[in-house]
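Trainee: Just coords_12.cif, nothing more (mmCIF, C-alpha atoms):
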```
data_coords
#
loop_
_atom_site.group_PDB
_atom_site.id
_atom_site.type_symbol
_atom_site.label_atom_id
_atom_site.label_comp_id
_atom_site.auth_asym_id
_atom_site.auth_seq_id
_atom_site.Cartn_x
_atom_site.Cartn_y
_atom_site.Cartn_z
ATOM 1 C CA MET A 1 38.385 -47.404 -22.931
ATOM 2 C CA PRO A 2 41.256 -46.428 -25.281
ATOM 3 C CA GLU A 3 43.727 -43.947 -23.845
ATOM 4 C CA ARG A 4 44.668 -40.782 -25.615
ATOM 5 C CA THR A 5 46.891 -40.974 -28.667
ATOM 6 C CA GLN A 6 48.823 -38.562 -30.809
ATOM 7 C CA GLU A 7 47.316 -36.768 -33.797
ATOM 8 C CA LEU A 8 47.157 -38.638 -37.098
ATOM 9 C CA HIS A 9 48.908 -37.144 -40.080
ATOM 10 C CA SER A 10 48.784 -37.726 -43.789
ATOM 11 C CA SER A 11 50.132 -36.018 -46.861
ATOM 12 C CA SER A 12 48.274 -34.643 -49.899
ATOM 13 C CA PRO A 13 48.982 -37.230 -52.630
ATOM 14 C CA TYR A 14 45.694 -38.969 -51.829
ATOM 15 C CA LEU A 15 43.816 -35.881 -53.036
ATOM 16 C CA ALA A 16 45.575 -36.235 -56.374
ATOM 17 C CA SER A 17 44.676 -39.940 -56.391
ATOM 18 C CA LEU A 18 41.010 -39.147 -55.735
ATOM 19 C CA ALA A 19 41.055 -36.502 -58.477
ATOM 20 C CA ARG A 20 42.412 -39.026 -60.985
ATOM 21 C CA ARG A 21 39.736 -41.484 -60.011
ATOM 22 C CA PHE A 22 36.983 -38.841 -59.947
ATOM 23 C CA PRO A 23 37.969 -35.959 -62.280
ATOM 24 C CA SER A 24 34.552 -34.277 -61.899
ATOM 25 C CA LYS A 25 35.230 -33.913 -58.148
ATOM 26 C CA ARG A 26 31.654 -34.140 -56.825
ATOM 27 C CA ALA A 27 30.955 -35.036 -53.195
ATOM 28 C CA PHE A 28 27.782 -35.085 -51.111
ATOM 29 C CA ILE A 29 28.386 -34.752 -47.347
ATOM 30 C CA THR A 30 25.761 -34.986 -44.620
ATOM 31 C CA GLY A 31 26.213 -33.411 -41.210
ATOM 32 C CA ALA A 32 28.656 -30.946 -42.756
ATOM 33 C CA GLY A 33 27.806 -27.955 -40.589
ATOM 34 C CA SER A 34 30.523 -28.737 -38.056
ATOM 35 C CA GLY A 35 32.860 -31.397 -36.738
ATOM 36 C CA LEU A 36 33.904 -34.289 -38.911
ATOM 37 C CA GLY A 37 31.533 -33.441 -41.785
ATOM 38 C CA LEU A 38 32.985 -29.954 -42.075
ATOM 39 C CA ALA A 39 36.499 -31.401 -41.843
ATOM 40 C CA PHE A 40 35.795 -33.695 -44.818
ATOM 41 C CA ALA A 41 34.406 -30.746 -46.775
ATOM 42 C CA SER A 42 37.362 -28.510 -45.926
ATOM 43 C CA GLU A 43 39.863 -31.176 -46.933
ATOM 44 C CA LEU A 44 38.212 -31.762 -50.325
ATOM 45 C CA ALA A 45 37.862 -28.002 -50.812
ATOM 46 C CA LYS A 46 41.661 -27.770 -50.877
ATOM 47 C CA ASP A 47 41.481 -29.536 -54.239
ATOM 48 C CA ASN A 48 38.518 -27.483 -55.504
ATOM 49 C CA TRP A 49 35.776 -30.097 -55.213
ATOM 50 C CA ASN A 50 32.111 -29.406 -55.938
ATOM 51 C CA LEU A 51 30.361 -30.083 -52.661
ATOM 52 C CA ALA A 52 26.839 -30.627 -51.387
ATOM 53 C CA LEU A 53 26.776 -29.754 -47.684
ATOM 54 C CA THR A 54 23.802 -30.762 -45.545
ATOM 55 C CA ASP A 55 22.891 -30.140 -41.918
ATOM 56 C CA VAL A 56 19.842 -29.653 -39.706
ATOM 57 C CA ASP A 57 21.348 -26.472 -38.236
ATOM 58 C CA GLU A 58 20.949 -23.719 -40.825
ATOM 59 C CA GLN A 59 23.359 -21.279 -39.183
ATOM 60 C CA ARG A 60 26.139 -23.838 -38.935
ATOM 61 C CA LEU A 61 25.460 -24.803 -42.527
ATOM 62 C CA ASN A 62 25.747 -21.223 -43.764
ATOM 63 C CA ASN A 63 29.021 -20.794 -41.888
ATOM 64 C CA ALA A 64 30.325 -24.064 -43.354
ATOM 65 C CA VAL A 65 29.567 -22.923 -46.905
ATOM 66 C CA LYS A 66 31.544 -19.723 -46.314
ATOM 67 C CA SER A 67 34.455 -21.644 -44.794
ATOM 68 C CA VAL A 68 34.569 -24.139 -47.650
ATOM 69 C CA SER A 69 34.410 -21.389 -50.261
ATOM 70 C CA VAL A 70 37.389 -19.643 -48.676
ATOM 71 C CA ALA A 71 39.291 -22.950 -48.763
ATOM 72 C CA GLY A 72 38.725 -23.291 -52.516
ATOM 73 C CA GLY A 73 35.649 -25.509 -52.764
ATOM 74 C CA ARG A 74 32.332 -24.806 -54.481
ATOM 75 C CA ALA A 75 29.490 -25.627 -52.121
ATOM 76 C CA ILE A 76 25.706 -25.901 -52.305
ATOM 77 C CA SER A 77 23.849 -26.153 -48.990
ATOM 78 C CA TYR A 78 20.796 -28.248 -48.132
ATOM 79 C CA ASN A 79 19.082 -27.748 -44.782
ATOM 80 C CA PHE A 80 17.253 -30.975 -43.838
ATOM 81 C CA ASP A 81 17.155 -33.958 -41.485
ATOM 82 C CA VAL A 82 18.742 -37.100 -42.959
ATOM 83 C CA SER A 83 15.980 -39.244 -41.437
ATOM 84 C CA ASN A 84 13.545 -37.508 -43.826
ATOM 85 C CA TYR A 85 13.863 -39.590 -46.993
ATOM 86 C CA GLU A 86 11.794 -37.221 -49.145
ATOM 87 C CA GLN A 87 13.911 -34.181 -48.315
ATOM 88 C CA PHE A 88 17.091 -36.214 -48.707
ATOM 89 C CA THR A 89 15.878 -37.298 -52.148
ATOM 90 C CA GLU A 90 15.161 -33.731 -53.232
ATOM 91 C CA ALA A 91 18.630 -32.585 -52.213
ATOM 92 C CA VAL A 92 20.428 -35.470 -53.955
ATOM 93 C CA HIS A 93 18.451 -35.015 -57.152
ATOM 94 C CA ASP A 94 19.034 -31.255 -57.138
ATOM 95 C CA PHE A 95 22.794 -31.696 -56.768
ATOM 96 C CA GLN A 96 22.753 -34.356 -59.473
ATOM 97 C CA ARG A 97 20.928 -32.014 -61.844
ATOM 98 C CA GLN A 98 23.456 -29.252 -61.221
ATOM 99 C CA HIS A 99 26.616 -31.361 -61.396
ATOM 100 C CA GLY A 100 25.634 -34.471 -63.320
ATOM 101 C CA GLY A 101 26.370 -37.018 -60.595
ATOM 102 C CA ILE A 102 27.985 -37.809 -57.257
ATOM 103 C CA ASP A 103 31.467 -39.292 -57.011
ATOM 104 C CA ILE A 104 31.809 -39.589 -53.231
ATOM 105 C CA GLY A 105 28.847 -39.844 -50.878
ATOM 106 C CA ILE A 106 29.740 -39.294 -47.219
ATOM 107 C CA ASN A 107 27.059 -40.332 -44.731
ATOM 108 C CA ASN A 108 28.304 -38.528 -41.652
ATOM 109 C CA ALA A 109 25.292 -36.965 -39.902
ATOM 110 C CA GLY A 110 24.647 -38.342 -36.435
ATOM 111 C CA ILE A 111 23.588 -37.589 -32.875
ATOM 112 C CA GLY A 112 24.857 -38.849 -29.540
ATOM 113 C CA CYS A 113 22.829 -40.478 -26.800
ATOM 114 C CA GLY A 114 23.829 -41.846 -23.408
ATOM 115 C CA GLY A 115 22.152 -43.709 -20.578
ATOM 116 C CA TYR A 116 21.316 -47.194 -19.366
ATOM 117 C CA LEU A 117 18.855 -48.928 -21.675
ATOM 118 C CA HIS A 118 16.262 -49.561 -18.965
ATOM 119 C CA GLU A 119 16.304 -45.891 -17.896
ATOM 120 C CA MET A 120 16.252 -44.095 -21.244
ATOM 121 C CA LYS A 121 13.239 -42.859 -23.184
ATOM 122 C CA MET A 122 12.312 -45.159 -26.029
ATOM 123 C CA SER A 123 11.660 -42.068 -28.148
ATOM 124 C CA ASP A 124 15.354 -41.161 -27.743
ATOM 125 C CA PHE A 125 16.423 -44.669 -28.747
ATOM 126 C CA ARG A 126 14.235 -44.552 -31.855
ATOM 127 C CA ARG A 127 15.509 -41.089 -32.740
ATOM 128 C CA VAL A 128 19.129 -42.292 -32.681
ATOM 129 C CA ILE A 129 18.253 -45.218 -34.942
ATOM 130 C CA GLU A 130 16.364 -42.900 -37.324
ATOM 131 C CA VAL A 131 19.288 -40.486 -37.690
ATOM 132 C CA ASN A 132 22.426 -42.570 -37.143
ATOM 133 C CA LEU A 133 21.318 -45.706 -38.975
ATOM 134 C CA MET A 134 18.342 -44.920 -41.200
ATOM 135 C CA GLY A 135 19.956 -41.634 -42.246
ATOM 136 C CA VAL A 136 22.879 -43.670 -43.577
ATOM 137 C CA VAL A 137 20.522 -46.172 -45.196
ATOM 138 C CA ASN A 138 18.720 -43.284 -46.914
ATOM 139 C CA GLY A 139 21.976 -41.895 -48.255
ATOM 140 C CA CYS A 140 23.177 -45.253 -49.561
ATOM 141 C CA HIS A 141 19.801 -45.964 -51.149
ATOM 142 C CA LEU A 142 20.018 -42.675 -53.066
ATOM 143 C CA PHE A 143 23.740 -42.707 -53.921
ATOM 144 C CA VAL A 144 24.012 -46.256 -55.261
ATOM 145 C CA PRO A 145 21.739 -45.895 -58.345
ATOM 146 C CA ILE A 146 23.565 -42.727 -59.374
ATOM 147 C CA MET A 147 26.949 -44.406 -59.022
ATOM 148 C CA LYS A 148 25.788 -47.527 -60.830
ATOM 149 C CA ASN A 149 24.684 -45.345 -63.718
ATOM 150 C CA GLN A 150 28.088 -43.603 -63.722
ATOM 151 C CA ARG A 151 29.844 -46.954 -63.317
ATOM 152 C CA ASN A 152 32.016 -45.543 -60.560
ATOM 153 C CA GLY A 153 31.834 -43.856 -57.180
ATOM 154 C CA HIS A 154 32.637 -44.327 -53.517
ATOM 155 C CA ILE A 155 30.448 -44.385 -50.412
ATOM 156 C CA LEU A 156 31.943 -43.499 -47.036
ATOM 157 C CA ASN A 157 29.768 -44.303 -44.028
ATOM 158 C CA VAL A 158 30.753 -42.849 -40.679
ATOM 159 C CA ALA A 159 30.255 -45.381 -37.897
ATOM 160 C CA SER A 160 32.299 -45.456 -34.696
ATOM 161 C CA ALA A 161 34.505 -47.686 -32.594
ATOM 162 C CA ALA A 162 31.351 -47.849 -30.458
ATOM 163 C CA ALA A 163 30.130 -50.398 -33.025
ATOM 164 C CA PHE A 164 32.518 -52.998 -31.602
ATOM 165 C CA VAL A 165 33.601 -51.579 -28.245
ATOM 166 C CA THR A 166 29.924 -51.440 -27.158
ATOM 167 C CA ALA A 167 30.650 -49.721 -23.852
ATOM 168 C CA PRO A 168 27.949 -49.495 -21.158
ATOM 169 C CA ARG A 169 25.422 -46.614 -21.141
ATOM 170 C CA MET A 170 25.563 -46.242 -24.930
ATOM 171 C CA SER A 171 23.094 -48.874 -26.149
ATOM 172 C CA ALA A 172 21.262 -46.749 -28.733
ATOM 173 C CA TYR A 173 24.437 -45.271 -30.201
ATOM 174 C CA ASN A 174 26.259 -48.618 -30.187
ATOM 175 C CA THR A 175 23.351 -50.367 -31.889
ATOM 176 C CA ALA A 176 23.025 -47.768 -34.630
ATOM 177 C CA LYS A 177 26.750 -47.688 -35.385
ATOM 178 C CA ALA A 178 26.986 -51.489 -35.455
ATOM 179 C CA GLY A 179 24.196 -51.386 -38.025
ATOM 180 C CA VAL A 180 26.193 -48.934 -40.129
ATOM 181 C CA VAL A 181 29.136 -51.339 -40.149
ATOM 182 C CA ALA A 182 26.917 -54.264 -41.198
ATOM 183 C CA LEU A 183 25.290 -52.141 -43.901
ATOM 184 C CA SER A 184 28.679 -51.093 -45.257
ATOM 185 C CA GLU A 185 29.963 -54.666 -45.340
ATOM 186 C CA THR A 186 26.827 -55.759 -47.183
ATOM 187 C CA LEU A 187 27.165 -52.972 -49.747
ATOM 188 C CA ARG A 188 30.818 -53.835 -50.283
ATOM 189 C CA ALA A 189 29.739 -57.314 -51.352
ATOM 190 C CA GLU A 190 26.789 -56.089 -53.433
ATOM 191 C CA LEU A 191 28.847 -53.471 -55.293
ATOM 192 C CA TYR A 192 32.087 -55.418 -55.625
ATOM 193 C CA SER A 193 31.758 -55.851 -59.397
ATOM 194 C CA ASP A 194 30.405 -52.343 -60.067
ATOM 195 C CA ALA A 195 33.576 -50.262 -59.573
ATOM 196 C CA ILE A 196 31.889 -48.620 -56.573
ATOM 197 C CA GLY A 197 33.959 -48.539 -53.416
ATOM 198 C CA VAL A 198 32.627 -48.637 -49.870
ATOM 199 C CA SER A 199 34.425 -47.604 -46.693
ATOM 200 C CA VAL A 200 33.247 -47.464 -43.095
ATOM 201 C CA LEU A 201 34.971 -45.207 -40.576
ATOM 202 C CA MET A 202 35.242 -46.436 -36.983
ATOM 203 C CA PRO A 203 37.148 -43.935 -34.829
ATOM 204 C CA THR A 204 37.179 -43.607 -31.070
ATOM 205 C CA TYR A 205 36.241 -40.218 -29.610
ATOM 206 C CA VAL A 206 36.939 -37.311 -31.980
ATOM 207 C CA ARG A 207 37.011 -33.700 -30.823
ATOM 208 C CA THR A 208 33.632 -32.454 -32.094
ATOM 209 C CA ASN A 209 30.501 -30.956 -30.543
ATOM 210 C CA ILE A 210 28.465 -34.197 -30.633
ATOM 211 C CA GLY A 211 28.297 -34.344 -26.832
ATOM 212 C CA ASN A 212 26.730 -30.894 -26.649
ATOM 213 C CA ASP A 213 23.762 -31.907 -28.816
ATOM 214 C CA ALA A 214 23.296 -35.428 -27.457
ATOM 215 C CA LEU A 215 20.037 -36.956 -26.275
ATOM 216 C CA GLY A 216 19.712 -38.559 -22.864
ATOM 217 C CA SER A 217 20.324 -37.308 -19.342
ATOM 218 C CA THR A 218 22.350 -34.234 -18.461
ATOM 219 C CA GLU A 219 24.779 -36.450 -16.551
ATOM 220 C CA ASP A 220 25.408 -38.710 -19.535
ATOM 221 C CA ASN A 221 25.784 -35.750 -21.910
ATOM 222 C CA LYS A 222 28.314 -34.150 -19.594
ATOM 223 C CA LEU A 223 30.266 -37.395 -19.386
ATOM 224 C CA ALA A 224 30.182 -37.837 -23.173
ATOM 225 C CA GLN A 225 31.607 -34.360 -23.722
ATOM 226 C CA LEU A 226 34.349 -35.054 -21.174
ATOM 227 C CA PHE A 227 35.368 -38.121 -23.205
ATOM 228 C CA VAL A 228 35.294 -36.045 -26.410
ATOM 229 C CA ASN A 229 37.382 -33.249 -24.899
ATOM 230 C CA ASP A 230 39.881 -35.790 -23.562
ATOM 231 C CA SER A 231 40.591 -37.107 -27.049
ATOM 232 C CA ARG A 232 43.661 -36.132 -29.041
ATOM 233 C CA LEU A 233 41.978 -37.031 -32.333
ATOM 234 C CA SER A 234 41.025 -33.875 -34.192
ATOM 235 C CA ALA A 235 38.320 -33.927 -36.840
ATOM 236 C CA GLU A 236 40.824 -32.593 -39.376
ATOM 237 C CA ALA A 237 43.316 -35.391 -38.747
ATOM 238 C CA VAL A 238 40.634 -38.072 -38.935
ATOM 239 C CA ALA A 239 39.210 -36.628 -42.161
ATOM 240 C CA SER A 240 42.569 -36.517 -43.943
ATOM 241 C CA GLU A 241 43.541 -40.041 -42.850
ATOM 242 C CA THR A 242 40.136 -41.394 -43.828
ATOM 243 C CA LEU A 243 40.221 -39.833 -47.286
ATOM 244 C CA ARG A 244 43.674 -41.329 -47.783
ATOM 245 C CA LYS A 245 42.230 -44.775 -47.079
ATOM 246 C CA VAL A 246 39.249 -44.055 -49.325
ATOM 247 C CA SER A 247 41.744 -43.316 -52.108
ATOM 248 C CA GLU A 248 43.156 -46.813 -51.466
ATOM 249 C CA ASN A 249 39.639 -48.312 -51.529
ATOM 250 C CA GLN A 250 39.951 -49.746 -48.025
ATOM 251 C CA LEU A 251 36.742 -51.013 -46.431
ATOM 252 C CA TYR A 252 37.583 -50.648 -42.744
ATOM 253 C CA VAL A 253 39.007 -47.401 -41.411
ATOM 254 C CA VAL A 254 39.687 -47.946 -37.698
ATOM 255 C CA MET A 255 41.631 -45.350 -35.761
ATOM 256 C CA PRO A 256 43.696 -44.689 -33.765
ATOM 257 C CA ARG A 257 45.933 -47.730 -33.340
ATOM 258 C CA ASP A 258 44.630 -48.656 -29.904
ATOM 259 C CA ALA A 259 41.152 -48.980 -31.442
ATOM 260 C CA VAL A 260 42.542 -51.609 -33.831
ATOM 261 C CA THR A 261 43.954 -53.431 -30.800
ATOM 262 C CA LEU A 262 40.537 -53.404 -29.108
ATOM 263 C CA TRP A 263 38.888 -54.680 -32.290
ATOM 264 C CA ARG A 264 41.255 -57.647 -32.436
ATOM 265 C CA PHE A 265 41.012 -58.189 -28.682
ATOM 266 C CA LYS A 266 37.234 -58.591 -28.883
ATOM 267 C CA ARG A 267 37.395 -60.995 -31.819
ATOM 268 C CA HIS A 268 39.950 -63.313 -30.241
ATOM 269 C CA LEU A 269 39.122 -63.086 -26.500
ATOM 270 C CA PRO A 270 35.465 -62.003 -26.250
ATOM 271 C CA ASP A 271 34.808 -63.111 -22.640
ATOM 272 C CA LEU A 272 37.892 -61.338 -21.334
ATOM 273 C CA PHE A 273 37.016 -58.294 -23.461
ATOM 274 C CA TRP A 274 33.602 -57.831 -21.798
ATOM 275 C CA ARG A 275 35.136 -57.842 -18.339
ATOM 276 C CA PHE A 276 37.848 -55.446 -19.428
ATOM 277 C CA ILE A 277 35.651 -52.914 -21.226
ATOM 278 C CA GLY A 278 33.119 -52.596 -18.408
ATOM 279 C CA ARG A 279 35.833 -51.960 -15.846
ATOM 280 C CA ALA A 280 37.811 -49.644 -18.146
ATOM 281 C CA ALA A 281 34.756 -47.527 -18.977
ATOM 282 C CA LYS A 282 33.890 -47.145 -15.286
ATOM 283 C CA ASP A 283 37.458 -46.244 -14.274
ATOM 284 C CA ARG A 284 37.888 -43.678 -17.047
ATOM 285 C CA SER A 285 34.496 -42.083 -16.349
ATOM 286 C CA GLU A 286 35.390 -41.636 -12.684
ATOM 287 C CA ARG A 287 38.797 -40.184 -13.578
ATOM 288 C CA LEU A 288 37.343 -37.638 -15.999
ATOM 289 C CA LEU A 289 34.582 -36.606 -13.591
ATOM 290 C CA LYS A 290 37.131 -36.046 -10.799
ATOM 291 C CA ARG A 291 39.271 -33.951 -13.132
ATOM 292 C CA ALA A 292 36.247 -31.859 -14.142
ATOM 293 C CA VAL A 293 35.463 -31.137 -10.481
ATOM 294 C CA ARG A 294 39.046 -30.032 -9.821
ATOM 295 C CA GLU A 295 39.006 -27.736 -12.865
#
```
If you took the structure in this file and wrote it as structure tokens, what would it be?
Mentor:
Amino acid sequence: MPERTQELHSSSPYLASLARRFPSKRAFITGAGSGLGLAFASELAKDNWNLALTDVDEQRLNNAVKSVSVAGGRAISYNFDVSNYEQFTEAVHDFQRQHGGIDIGINNAGIGCGGYLHEMKMSDFRRVIEVNLMGVVNGCHLFVPIMKNQRNGHILNVASAAAFVTAPRMSAYNTAKAGVVALSETLRAELYSDAIGVSVLMPTYVRTNIGNDALGSTEDNKLAQLFVNDSRLSAEAVASETLRKVSENQLYVVMPRDAVTLWRFKRHLPDLFWRFIGRAAKDRSERLLKRAVRE
């Protein structure tokens, strides 16, 4: 697995670039109650964006609205599950009625899940697909017609380096995130002539609370959170760097640099990659578990 890297940094000119491209400053962000979703909202709030914040956790959502308001944004909250297409539709249409459209749609909501495929509950596997993949499909299905009507817009789908690293004991998560990448690539081709940009974010572990709310066994959840805590990628750094690349209309956003190396490694030397990643995942898991016992 990728070793720890330094924080990513970016400057603010990309916010000015996004404002020129989208002067109405309207963004719809799922999973915005904490972690990366909240980081995206907080970053856009610095430039006074009008924001739709969604989350399944009402308390986190309320706290996020307060935080974003303090930062300078104007937020409306919607408490629903992104796998529920009807509720998603109601929220999108309500925000559209209030603000006239959506300039950036960020499909960020997701859940973690660990465990060997043959040992996990199929209900957990389906749940991950419903939220992490179909939740993104729902968002894209709703955002695209609005953006086509506006004749501009940008969709940012949050996948993961798990989409191409495909480490053991993460089959449901890996499968869903790989689907998000394929969906984003397809949309990029479909919307190429419509002035609608598409980006897909593929980071390694980011310091968020996703491990705490993950499905699967207690052992796998503990291990997932150890990987998250071991990361030097903060949600704030990832959000700012990603928005910079959105302002440049880049399709792939892979970070940090060692994730780019792994991506290229797999494409050019796939057989060697499979041997490497299985061994690396096992070695790093054992190292983190030993450290946790000592602490």
Trainee: Spell out the residues picked by the PyMOL selection byres ((chain A and resi 118-122) around 10) here, as a PyMOL selection string.
Mentor: chain A and resi 113-117+123-128+169+171-172+215-217
Trainee: Closest to Leu15 of chain A among A:Ala176, A:Glu43, A:His93, A:Leu36, using all atoms listed in the file?
Mentor: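 Looking only at the distances to Leu15 of chain A, the closest residue turns out to be A:Glu43.
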Trainee: Applied to the shown file, which residues does the PyMOL selection byres ((chain A and resi 206) around 8) return, written as a PDB file with C-alpha atoms, in the frame of the given file?
Mentor:
```
ATOM      1  CA  PRO A 203      37.148 -43.935 -34.829  1.00  0.00           C
ATOM      2  CA  THR A 204      37.179 -43.607 -31.070  1.00  0.00           C
ATOM      3  CA  TYR A 205      36.241 -40.218 -29.610  1.00  0.00           C
ATOM      4  CA  ARG A 207      37.011 -33.700 -30.823  1.00  0.00           C
ATOM      5  CA  THR A 208      33.632 -32.454 -32.094  1.00  0.00           C
ATOM      6  CA  VAL A 228      35.294 -36.045 -26.410  1.00  0.00           C
ATOM      7  CA  SER A 231      40.591 -37.107 -27.049  1.00  0.00           C
ATOM      8  CA  ARG A 232      43.661 -36.132 -29.041  1.00  0.00           C
ATOM      9  CA  LEU A 233      41.978 -37.031 -32.333  1.00  0.00           C
ATOM     10  CA  SER A 234      41.025 -33.875 -34.192  1.00  0.00           C
ATOM     11  CA  ALA A 235      38.320 -33.927 -36.840  1.00  0.00           C
ATOM     12  CA  VAL A 238      40.634 -38.072 -38.935  1.00  0.00           C
TER      13      VAL A 238
END
```
Trainee: Considering all atoms listed in the file, can you say which of A:Val200, A:Ala161, A:Asp94, A:Phe28 comes closest to Val180 of chain A?
Mentor: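 Checking each of A:Val200, A:Ala161, A:Asp94, A:Phe28 against Val180 of chain A, counting all atoms listed in the file, the winner is A:Val200.
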Trainee: For a quick check of understanding, using only C-alpha atoms, which of A:Val56, A:Leu51, A:Glu90, A:Asp103 has the smallest distance to Ala75 of chain A?
Mentor: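 Of A:Val56, A:Leu51, A:Glu90, A:Asp103, the one nearest Ala75 of chain A is A:Leu51, counting only C-alpha atoms.
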Trainee: The PyMOL selection byres ((chain A and resi 139) around 8) - which residues does that actually catch in the file I just gave you? List them as a list of chain:residue names.
Mentor: A:Val82, A:Phe88, A:Gly105, A:Asn107, A:Gly135, A:Val136, A:Val137, A:Asn138, A:Cys140, A:His141, A:Leu142, A:Phe143
Trainee: Between atom CA of Asn48 of chain A and atom CA of Ile155 of chain A, measure the distance and give it in Å to one decimal.
Mentor: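 Atom CA of Ile155 of chain A lies at a distance of 19.4 Å from atom CA of Asn48 of chain A.
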Trainee: When distances are computed from all atoms listed in the file, which of A:Arg60, A:Arg21, A:Arg74, A:Arg188 shows the smallest separation from Asp47 of chain A?
Mentor: A:Arg74
Trainee: Thr186 of chain A: which residues within 12 Å, counting only C-alpha atoms, same-chain residues fewer than 3 positions away excluded, as an MDAnalysis selection string?
Mentor: chainID A and resid 137 140 179:183 189:192 197:200 251
Trainee: With distances taken over only C-alpha atoms, which residue among A:Ser42, A:Asn50, A:Gln59, A:Thr30 lies nearest Ala91 of chain A?
Mentor: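 Of A:Ser42, A:Asn50, A:Gln59, A:Thr30, the one nearest Ala91 of chain A, counting only C-alpha atoms, is A:Thr30.
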Trainee: I want to know what sits within 12 Å of Asn63 of chain A, based on all atoms listed in the file, with residues of the same chain fewer than 4 positions away left out; could you give that as a PyMOL selection string?
Mentor: chain A and resi 32-34+38+53-55+57-59+67-70+75+77
Trainee: So which one's closest to Ile104 of chain A, A:Lys25, A:Arg264, A:Arg275, A:Lys245? Using only C-alpha atoms, please.
Mentor: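 Counting only C-alpha atoms, the residue closest to Ile104 of chain A is A:Lys25.
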Trainee: For atom CA of Val260 of chain A and atom CA of Ser160 of chain A, quote the distance in Å rounded to one decimal.
Mentor: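 So the two atoms, atom CA of Val260 of chain A and atom CA of Ser160 of chain A, lie 12.0 Å apart.
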Trainee: Just want the 12 Å neighbourhood of Thr242 of chain A, counted on all atoms listed in the file, with same-chain residues fewer than 4 positions away dropped. Output as a ChimeraX atom specification.
Mentor: /A:8-11,14-15,36-37,39-40,43-44,106,156-158,199-203,235-238,246-256
Trainee: Quick check, in Å to one decimal: how far apart do atom CA of Ile146 of chain A and atom CA of Tyr85 of chain A lie?
Mentor: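 Separation of atom CA of Ile146 of chain A and atom CA of Tyr85 of chain A: 16.0 Å.
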